[in-house]
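Q: Supplied in structure tokens, the structure appears directly below.
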Amino acid sequence: MGIMSKSPWILHYDGSSCNGCDIEVLACLTPLYDVERFGIVNTGNPKHADILLITGAVNEQNKEVVTNLYAQMPDPKVVVALGTCATSGGIFRECYNVQGGIDTTIPVDVYVPGCAVRPEAIIEGVVKALGVLELRAAGKAQTHTPTGKVKA
Amino acid sequence: MGTRTVIPFGPQHPVLPEPVHLDLVMEDEKIVEAIPSLGYVHRGLEKLAAKKDFNDMVFVSERICGICSFIHSMAYSTAIENIMKVEVPERAQYLRVMWAEMSRVHSHLLWLGLAADALGYESLFMHSWRVREKVLDVIEETSGGRVIFGTCKIGGVRRDVDAATLDKTLKMFDDIEVECQEIVHVFAGDPSVHKRVAGVGILSKDDAYALGAVGPVLRASGVTWDARKLGYAAYGKLEWEPVVETGCDVPARVLVRAKEIFQSIGLIRQAIKKMPKGPVEVRVTGNPNGETIMRVEQPRGELVYHIQANGTKNLARFRVRTPTFANIPPLVKMLPGCELADVPIIVLSIDPCISCTER
Amino acid sequence: MSDEQSIELVERSQVSAKAAEFKAGGWRLVQISSVPTLGGQEITYSFDKAYRLQSVRTTVPNADPVLPTITGAYFAAFTYENELQDLVGLKVLGLPLDFKGNFYRKAMNAPLTSSNPDGKAG
Amino acid sequence: MKLGMPGMVLRSAAKKPATRRFPAEIRPAYSATRGHVAMDIAKCNFCTLCQLRCPTGAIVVNKQEKTWQIDRMRCILCTACVGACTRKCPTMETSYAPPVGERRESLVRFTQAAVPGTSPAGEAGRA
Amino acid sequence: MTGLVGAVAFVVLAPVVGGLIAGLDRILSARLQARVGPPVLQPFWDVLKLLSKRRALVTVFQEYYAGCFLLFAIVAGAIFFGGGDLLLTVFSLALAGVFLVLGAYAPNSPYSTIGAERELLQMMAYEPMLLIAALGCFMATGSFHVDAIYAHPTALVGRLPGVFLGLLFVLTIKLRKSPFDLSASHHAHQELVRGLTTEFSGPTLALVEVGHWYETVLLLGLVYLFLAALGPWVALAGVVVVYALEVLADNIFARLTWRVTVASAWTVAAILGATNLLAVHYLKQ
Amino acid sequence: MTNDNGLSYLLPGILIVLPLVPALLLAVVRGQAMRSAVVWTGALAVAAGSVWLAAGHLSGPPLALAFDLPWLDRAVAGAGLLVSLYMLFACRGIVKREWWIPVLIVAQTVVMVLVEVAGPRAERPIVIDQLSLVMALIIGIVGGLICIYALTYMEDYHRHHPEVSDRKPLFFFLLFAFLSAMFGIVFSNHLGWMHCCWEVTTLCSFLLIGYSRTEEARRNAFRAMGFNAVGGLSFGVAIWWQLHNGRAIELDSMAAMGSAALVPAVLIGFAGLTKSAQLPFSSWLLGAMVAPTPVSALLHSSTMVKAGVFAVLKFAPVFHGHTAGYLIALVGGATFLATSLAAISMSNAKLVLAYSTIANLGLVVACAGVGSPEAVWAGMMLIIFHAISKGLLFLAVGAVEHRTGSRDIEDMEGLLATRRALGIVMIVGIIGMFLAPFGMLVAKWTCLKAFVEVNPLLAILLAYGSAPTLFFWTKWLGKVISVPGAARPAVGPLSANEWAAVGTLAVLTVCACVLFPLVSDYAVAPYLARQYAGAMVAPAGVGIMALMLGLLVLAIMAFIFYPPRGQVSARYLAGANMGAAGNTFRGPLGEVTPASRNYYLMGFFPEGKIILGGSLASIALMIVALAAVLR
Ligand code: NFV
Ligand code: SF4
Ligand code: SF4
Ligand code: SF4
């Protein structure tokens, strides 16, 4: 395990979610799940973060914000889409104002399903993301996975 | 360079769990102007009614918000049931009250934690959420979901809860009540919290009423108004009184929500104890035709569903006015004149829920 | 249900005066909503007093999508009225705090009008 | 209790942490928990009822090829499909679906063998 | 010569000790919050991770200021542990602080700038008490030199109880502990995002972190100085208790405002510190 | 102790007279070219003269010129009378509320006439010791540089202020006349002569503050004159007291008299307090900031106000160990604390400089009042460092003001980026004022040590007063070094004249820091050794200071030769960044440019109340001090 995966600092952003997934992200920080055990720190600041945990289907107005935040994270970095909304648009897929998932806007490295996504799944998703982060730090993984909606 | 400081507060801001933005204009740290901008969570889900079967709209409505999801689905279901004149079985009505109140307890605990956090009181946040996890356990055991209950449907509820689980629920809440007492005791009695919040975020009784404040914000300003008194579900058959405080400031709002936690636990007990045996749903056939304006009490206040149906499976209008939407003008009123350090707690004092607000 | 409801129809020009009347009577503004009709929008204003809900309804034709504001009586109506501007494409006259279409920035204009078919832009 | 916050934190420090040490320690699921949709493809007759009732379009049933596919990244765990199926093929399991690295990994397809009942459900991808 | 040994030992060991203290701090905090907390070496992983991140700054000057912050934090400690002048230590610490603040000013970004302002307010709040502490050491021992103060036969805390308490008070500010973690909090949910350190990232942030470790060790050294004559074990135990109390304080207070910080720190410095000095002065006469 | 070296004998006299030549020339020449030539020549001559004098006499015993020229005495007295009369004449336009000003001047004139009747005599009317030489160097070098700077400044000034009538000949005449008077003050051993020069500086200050002839300038000029007249009167009374008691009116012998000279020492000290704008007299100096910036730099920061503390410092041996001295020290301490606090709420750069000037003078007063060798060492060092750094800062602010049209600190945002050289000199000036290892801090450090040995109270005041200086200097510095968010108008280059002054002062600031041990050894220590019978004060911590400076230089070098590289990212704007560079954010109604204004905390540090409090404390202390000596 490289150094990257020993100290994953996260930025959580709500990309137009319903809150369900967001409070589960917060729950991960609290005593019952306590992700600080893995060195995970919720930074609240893109400039300090290694992992972007993002929920929601991304609406018209949020596109710009998501892109900004992603751009402001220093390399190497990974993106984890949390919850059905973030992975595919979920039930809001057909709404006029949503893009339908994070990968419509920025490249996503790990998709975590669930509505709402469970804290355990979030932790698993982060662990999976750490693998990508390590590869990227070692220059072994491409910096960006291709963007684009996967048509199911 | 300017004569005043101008900073963006949000959309991504660690004290805001959700994206919302305020243009803060300050002199030193005093806020002279705070203009909100919304729209970061506007999904446009009201328009889904044109595409989705009215039955499926329950799933949409409970995903308006992951915190107050159950009451959304209950409000929507009740609205349709009213239009279609469906008699919902009594047991379902009591179960709805039980889940609605569980949802309120978890929402209020969540809020207490976030409010503590907004004051930089991390350990209190941690402890509030530690207790909240116990509530979530009960919710999961009875409904199958932690935050999206998924139990309400038109005509009743999707699942029954067996007697043993109800018993266990009662016991769990005895424990939760004790823990909540401790949290509330700490929150209300902590000198550093007091120093920070006393007299902060004043909203006079008249302002609260005139600006259309709802829920704990309204009740903390001394107005007795609680939509549950309208008696939907089984509320008409239970004994309780709205919690009202007259402090008009942040501590009063803390107190209202704190007391409502115990009120809700009391209601859960009553509901479980008075719950009759019987079926939990009726079969609903046909399409609704008619109109109703349904009001229920969410953790954050009065929620309004305006439903117009035209006899097809798609509703003519699915309109949701959420409590936070109503509490935005009071918030805009409260901010100017406060200190930057107080912005988080004042914003949180209305317990904002943007996903509800913008739908 | 003890939730009594009634709806009164009024002319568009009377909306402000009507709102002022409610205000004077000690009513609280509960909501403003819109329902698309064939040629326009029905705008419903709901007020509450002691758990009694009273609504006022007016219609706005699509040909002339303007509406007077009721912020004179209920300042808090500015949120609803901005929403009407953004989602229904009305022009609310006399808004004290006009977000000019930025209340919600959307991928489609006036999504909640009947002339606007479902489906998303882009 | 009377000590306020100092009492609370010191007592916490004296006690065992409330933390459940996931993944080493996993709480047994409640029977009601909605984790993911499982499918008993053997029973399916491809009536597409589930597909019709799924609010997110997560299910795609192909009668010709006798396949039943679910997109885990679309499923909102609403149980509508479970309720809709008259043959009780889809069921709601308590374990959650795992995260994936590629979007397409989340498409899970079940194929019915030519002779129903003789061969177990085939599954592509992870279920 | 011993001075040089002390200074070198500080330069080499302080980051190790400081990092460990930070790790224990985080574990203790977690336990107070009914959590397990990170491994004790976590702060080191954090810093190593930061060092291996790509640089991304608003202006390259930030790195320069962060470097100078670290440099002068080290100098301050080296003066102290080298047995040098206590006042110079305080000044050097202030110099380090100023560089950190400049690093936050440099990008001219809103939260960073507000963090800088607040950090300055904090510095203004604790500066009098630090100077008073140094003055107290002089009055009690007749020297500003750390080695002389250290060698003083009676414990300073006996002559200067007020100064000692006042020092503990401002230590809370200096260590960025609640209720005075105004300019940059350890955890995310602050109105200032990350305040002072908002615009630092990657290796630059690592410099700041390490600088804080040096500062922590220096400050605890100052506490030790007040107890030194009681013997190393007692003094060390005292330092541990003091730090534990700081962590406890961090967990039992909401964050207070800058007004309260400045007003209370100055009042404490006056009531506990200044009064103590005057008492020592007039009792001696 | 008479020195027979002919030239040395004449030099002090020459230095006093020398500036009068360019002064008179400047009063008549018109064109800028001619004026430049005269100013440059005059300034260089004055500077060279002072350096020459210092070079010859810095080491060694004081140079006392013994001569008895009654006509000269009378001429000086006559000049003093003329000055008083002119001031009275100027008072004709005064408003009713300020009736006290002419009354004071009349009173002072009466006292001086009485003194003259008593026929003051001094055997050694001129004495030059290291303290005078240090002052002379400041006057000669810093003063000369400021005069050169004023050449361009005044051109720009009149371009920016067409409404002000162009009286440059008068202006430059006054500058040089003022230099002459300053030399007079520092060289005079004859109290009467000193008083006369003292009055001349008051008059120059009055005329220069009122230069623009606006209502505000006029009012402030009168306030300055009035407050200085209070001091002048007190000074006069001191002389009269000495004569009346049949005592010497020679500064050096008085200073050597110890507590016997306490009464005049306190009286002259009081005059010094007014001249150096200590509380409660601070307001005149703030008001003086309406004058063109070179005036602020020269009169109201680097030199004239220093005459005040110079006078107090001269009597330091008298104050040493005496309650009255300690009380005067406390006045300085209170002034330091109060004005440092007051400076927090100032965003006008000149007012910050003004308050900080008063504060630092307060420190010197405190040093003088304490009067111990270390304290005097610190006081002299403070005078040197302050004169250079503060002169530099004033000139830099003036240069910025003439290019951006604002002297507001907030408008200096990004100066380092838009105008690198000007930014750097301003930074040098600012850090010179408060940061280790720079000069001012060295002096403050010694102050702390000197104060705590006597009584911790003064040291505590200093501890409290230092904190706000840290605050207001750093926030200013922060503005200057921050990277501008929006494109700011480029600032035009400085003229050669301005560079000559600003650049030299910047270099001097750094040199003073590097070379302060030498300054201490050659100028300050010998003075102390004589004043305090062999007291040795050596600067401490030189090694560490040098180390710190070395590290700083190293860091700068490292930065220059190995500039950090890496991606440059947009500012953190809560994710709402907009625009190509991401420097603006999206607000509810569209694009918003973020702005960061420094904190001024008016409500928390109310200038008015702080100054009032400090003034009341000072008045009380002065009364007690007076009572203590008269008892
Ligand atoms: N606002 C809101 Fe809700 C609630 N309570 C409501 O309808 O939370 Ni998300
Ligand atoms: S996936 Fe479900 S719970 Fe999560 S944000 Fe979307 S709707 Fe809410
Ligand atoms: S799973 Fe059930 S509902 Fe779906 S196609 Fe098969 S049999 Fe029909
Ligand atoms: S659980 Fe709901 S969303 Fe998931 S497949 Fe079944 S019907 Fe579709």
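Letters A, B, ... mark the chains of the structure tokens in the order given; residue numbers begin at 1 per chain; ligand numbers begin at 1, in order shown.
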Please return as a count of residues only the residues found within 6 Å of ligand 4, counting only C-alpha atoms and all ligand atoms.
A: 12
Q: Would you mind listing the residues within 10 Å of ligand 1, counting only C-alpha atoms and all ligand atoms, as a PyMOL selection string?
A: (chain A and resi 18-20) or (chain B and resi 61-73+75+103-104+107-108+214-215+296-305+320-328+350-359)
Q: At a cut-off of 10 Å, list the chain B residues touching chain D, using only C-alpha atoms, as a PyMOL selection string.
A: chain B and resi 52-53+55-57+59-60+63+123-124+127+130-131+137-146+148-151+158-159+161+179+181-191
Q: Could you list the residues in chain B lying within 7 Å of chain E, using only C-alpha atoms, and format the result as a PyMOL selection string?
A: chain B and resi 7+13-15+117-121+123+126-127+192-193+196+341+344
Q: Give the residue list for ligand 2 at 8 Å, counting only C-alpha atoms and all ligand atoms, as a PyMOL selection string, sorted by chain and then by residue number.
A: (chain A and resi 16-22+55-57+82-86+89-92+113-117) or (chain B and resi 63-66+147-148) or (chain D and resi 76)
Q: Up to 10 Å from chain C, what residues of chain B turn up? Count only C-alpha atoms and give them as a PyMOL selection string.
A: chain B and resi 35-44+46-51+82+209-214+224-227+229-233+236+292-295+302-308+316-323+325-330+332+358
Q: Give as a list in words the residues surrounding ligand 3 up to a distance of 6 Å, considering only C-alpha atoms and all ligand atoms.
A: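 These are the residues that qualify: Cys44, Asn45, Phe46, Cys47, Thr48, Leu49, Cys50, Ala84, Cys85, Thr86, Arg87, Cys89 and Pro90 of chain D.
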Q: Distance CA of Asn577 in chain F-CA of Arg420 in chain F, one decimal place?
A: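 A separation of 27.6 Å between them.
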Q: May I ask you to extract the residues of chain E within 6 Å of chain A, using only C-alpha atoms, and to give them as a ChimeraX atom specification?
A: /E:34-35,37-38,45-46,49,54,56,188,201
Q: Output C-alpha atoms of each residue in that selection to a file, as a PDB file, in the first residue's frame.
A:
ATOM      1  CA  ALA E  34     -16.760   7.728  21.320  1.00  0.00           C
ATOM      2  CA  ARG E  35     -14.788   6.907  18.196  1.00  0.00           C
ATOM      3  CA  GLY E  37      -9.716   7.379  15.681  1.00  0.00           C
ATOM      4  CA  PRO E  38      -6.776   7.099  13.322  1.00  0.00           C
ATOM      5  CA  TRP E  45       1.206   9.585   6.614  1.00  0.00           C
ATOM      6  CA  ASP E  46      -0.687  12.791   6.028  1.00  0.00           C
ATOM      7  CA  LYS E  49       1.032  12.078   1.294  1.00  0.00           C
ATOM      8  CA  ARG E  54       1.344  17.762  -7.275  1.00  0.00           C
ATOM      9  CA  ALA E  56      -1.236  23.626  -7.116  1.00  0.00           C
ATOM     10  CA  ALA E 188     -13.879  20.764   8.257  1.00  0.00           C
ATOM     11  CA  SER E 201      -2.191  22.508  -0.773  1.00  0.00           C
TER      12      SER E 201
END
Q: Would you return as JSON, numbers by chain the members of range 106-177 of chain E that DSSP assigns to alpha helix (DSSP H) on this structure's backbone?
A: {"E": [110, 111, 112, 113, 114, 115, 116, 117, 118, 119, 120, 121, 122, 123, 124, 125, 126, 127, 128, 129, 130, 131, 132, 133, 134, 135, 136, 137, 138, 139, 140, 141, 146, 147, 148, 149, 150, 151, 156, 157, 158, 159, 161, 162, 163, 164, 165, 166, 167, 168, 169, 170, 171, 172, 173, 174]}
Q: Neighbours of Ile430 in chain F within 10 Å (only C-alpha atoms; same-chain residues fewer than 2 positions away dropped), as a list of chain:residue names?
A: F:Ser389, F:Lys390, F:Leu392, F:Leu393, F:Ile424, F:Val425, F:Met426, F:Ile427, F:Val428, F:Gly432, F:Met433, F:Phe434, F:Leu435, F:Trp473, F:Thr474, F:Trp476, F:Leu477
Q: What residues in chain F lie within 8 Å of chain B, counting only C-alpha atoms, written as a VMD selection string?
A: chain F and resid 410 to 413 573 to 576 585 587 to 588 593 to 601
Q: Write the residues of the selection above to a file with N, CA, C and O atoms, as a CSV table (one decimal), in the first residue's frame.
A:
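As written to disk, part-v7.csv reads:
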chain,number,residue,atom,x,y,z
F,410,GLU,N,-6.2,49.9,1.6
F,410,GLU,CA,-6.9,48.9,0.8
F,410,GLU,C,-6.6,49.1,-0.7
F,410,GLU,O,-6.7,48.1,-1.4
F,411,ASP,N,-6.3,50.3,-1.1
F,411,ASP,CA,-6.0,50.5,-2.5
F,411,ASP,C,-4.5,50.0,-2.9
F,411,ASP,O,-4.1,50.1,-4.0
F,412,MET,N,-3.8,49.6,-1.9
F,412,MET,CA,-2.4,49.1,-2.2
F,412,MET,C,-2.4,47.7,-2.5
F,412,MET,O,-1.4,47.0,-2.6
F,413,GLU,N,-3.6,47.1,-2.5
F,413,GLU,CA,-3.7,45.6,-2.8
F,413,GLU,C,-2.9,45.3,-4.1
F,413,GLU,O,-3.1,45.9,-5.1
F,573,LEU,N,-13.4,29.7,-4.4
F,573,LEU,CA,-14.5,30.6,-4.3
F,573,LEU,C,-15.8,29.7,-4.0
F,573,LEU,O,-16.8,29.9,-4.7
F,574,ALA,N,-15.6,28.8,-3.2
F,574,ALA,CA,-16.8,27.9,-2.8
F,574,ALA,C,-17.3,27.2,-4.1
F,574,ALA,O,-18.5,26.9,-4.1
F,575,GLY,N,-16.5,27.0,-5.0
F,575,GLY,CA,-16.9,26.3,-6.2
F,575,GLY,C,-17.7,27.1,-7.2
F,575,GLY,O,-18.1,26.7,-8.3
F,576,ALA,N,-17.9,28.4,-6.9
F,576,ALA,CA,-18.7,29.2,-7.8
F,576,ALA,C,-17.9,30.0,-8.8
F,576,ALA,O,-18.4,31.0,-9.3
F,585,PHE,N,-16.9,35.2,-9.1
F,585,PHE,CA,-17.8,34.0,-8.8
F,585,PHE,C,-19.3,34.4,-9.2
F,585,PHE,O,-19.6,35.5,-9.5
F,587,GLY,N,-22.9,35.0,-8.6
F,587,GLY,CA,-23.8,35.3,-7.5
F,587,GLY,C,-25.2,35.2,-8.0
F,587,GLY,O,-25.4,34.8,-9.1
F,588,PRO,N,-26.2,35.6,-7.2
F,588,PRO,CA,-27.6,35.4,-7.6
F,588,PRO,C,-27.9,36.2,-8.8
F,588,PRO,O,-28.8,35.8,-9.6
F,593,THR,N,-17.4,40.1,-8.3
F,593,THR,CA,-15.9,40.1,-8.0
F,593,THR,C,-15.8,40.1,-6.5
F,593,THR,O,-16.3,41.0,-5.8
F,594,PRO,N,-15.1,39.1,-6.0
F,594,PRO,CA,-14.9,39.0,-4.5
F,594,PRO,C,-14.0,40.2,-4.1
F,594,PRO,O,-13.1,40.6,-4.9
F,595,ALA,N,-14.2,40.6,-2.9
F,595,ALA,CA,-13.3,41.7,-2.4
F,595,ALA,C,-13.0,41.3,-0.9
F,595,ALA,O,-13.8,40.8,-0.2
F,596,SER,N,-11.8,41.6,-0.5
F,596,SER,CA,-11.4,41.4,0.8
F,596,SER,C,-10.9,42.7,1.4
F,596,SER,O,-9.9,43.2,1.0
F,597,ARG,N,-11.6,43.1,2.4
F,597,ARG,CA,-11.1,44.3,3.0
F,597,ARG,C,-10.5,43.9,4.4
F,597,ARG,O,-11.0,43.1,5.1
F,598,ASN,N,-9.4,44.5,4.7
F,598,ASN,CA,-8.8,44.2,6.0
F,598,ASN,C,-9.7,44.6,7.1
F,598,ASN,O,-10.7,45.4,6.9
F,599,TYR,N,-9.5,44.1,8.3
F,599,TYR,CA,-10.3,44.4,9.4
F,599,TYR,C,-9.8,45.7,10.1
F,599,TYR,O,-8.7,45.9,10.3
F,600,TYR,N,-10.8,46.6,10.4
F,600,TYR,CA,-10.4,47.8,11.1
F,600,TYR,C,-11.1,47.9,12.4
F,600,TYR,O,-10.7,48.8,13.2
F,601,LEU,N,-12.0,47.1,12.7
F,601,LEU,CA,-12.5,46.9,14.1
F,601,LEU,C,-12.9,48.2,14.8
F,601,LEU,O,-12.6,48.3,16.0
Q: Which distance in Å separates CA of Thr197 in chain E and CA of Glu122 in chain B, to one decimal?
A: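 We find that CA of Thr197 in chain E and CA of Glu122 in chain B lie 19.1 Å from each other.
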Q: Could you tell me how far CA of Phe22 in chain D lies from CA of Pro17 in chain B, in Å and to one decimal?
A: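 Between these atoms lies a distance of 24.4 Å.
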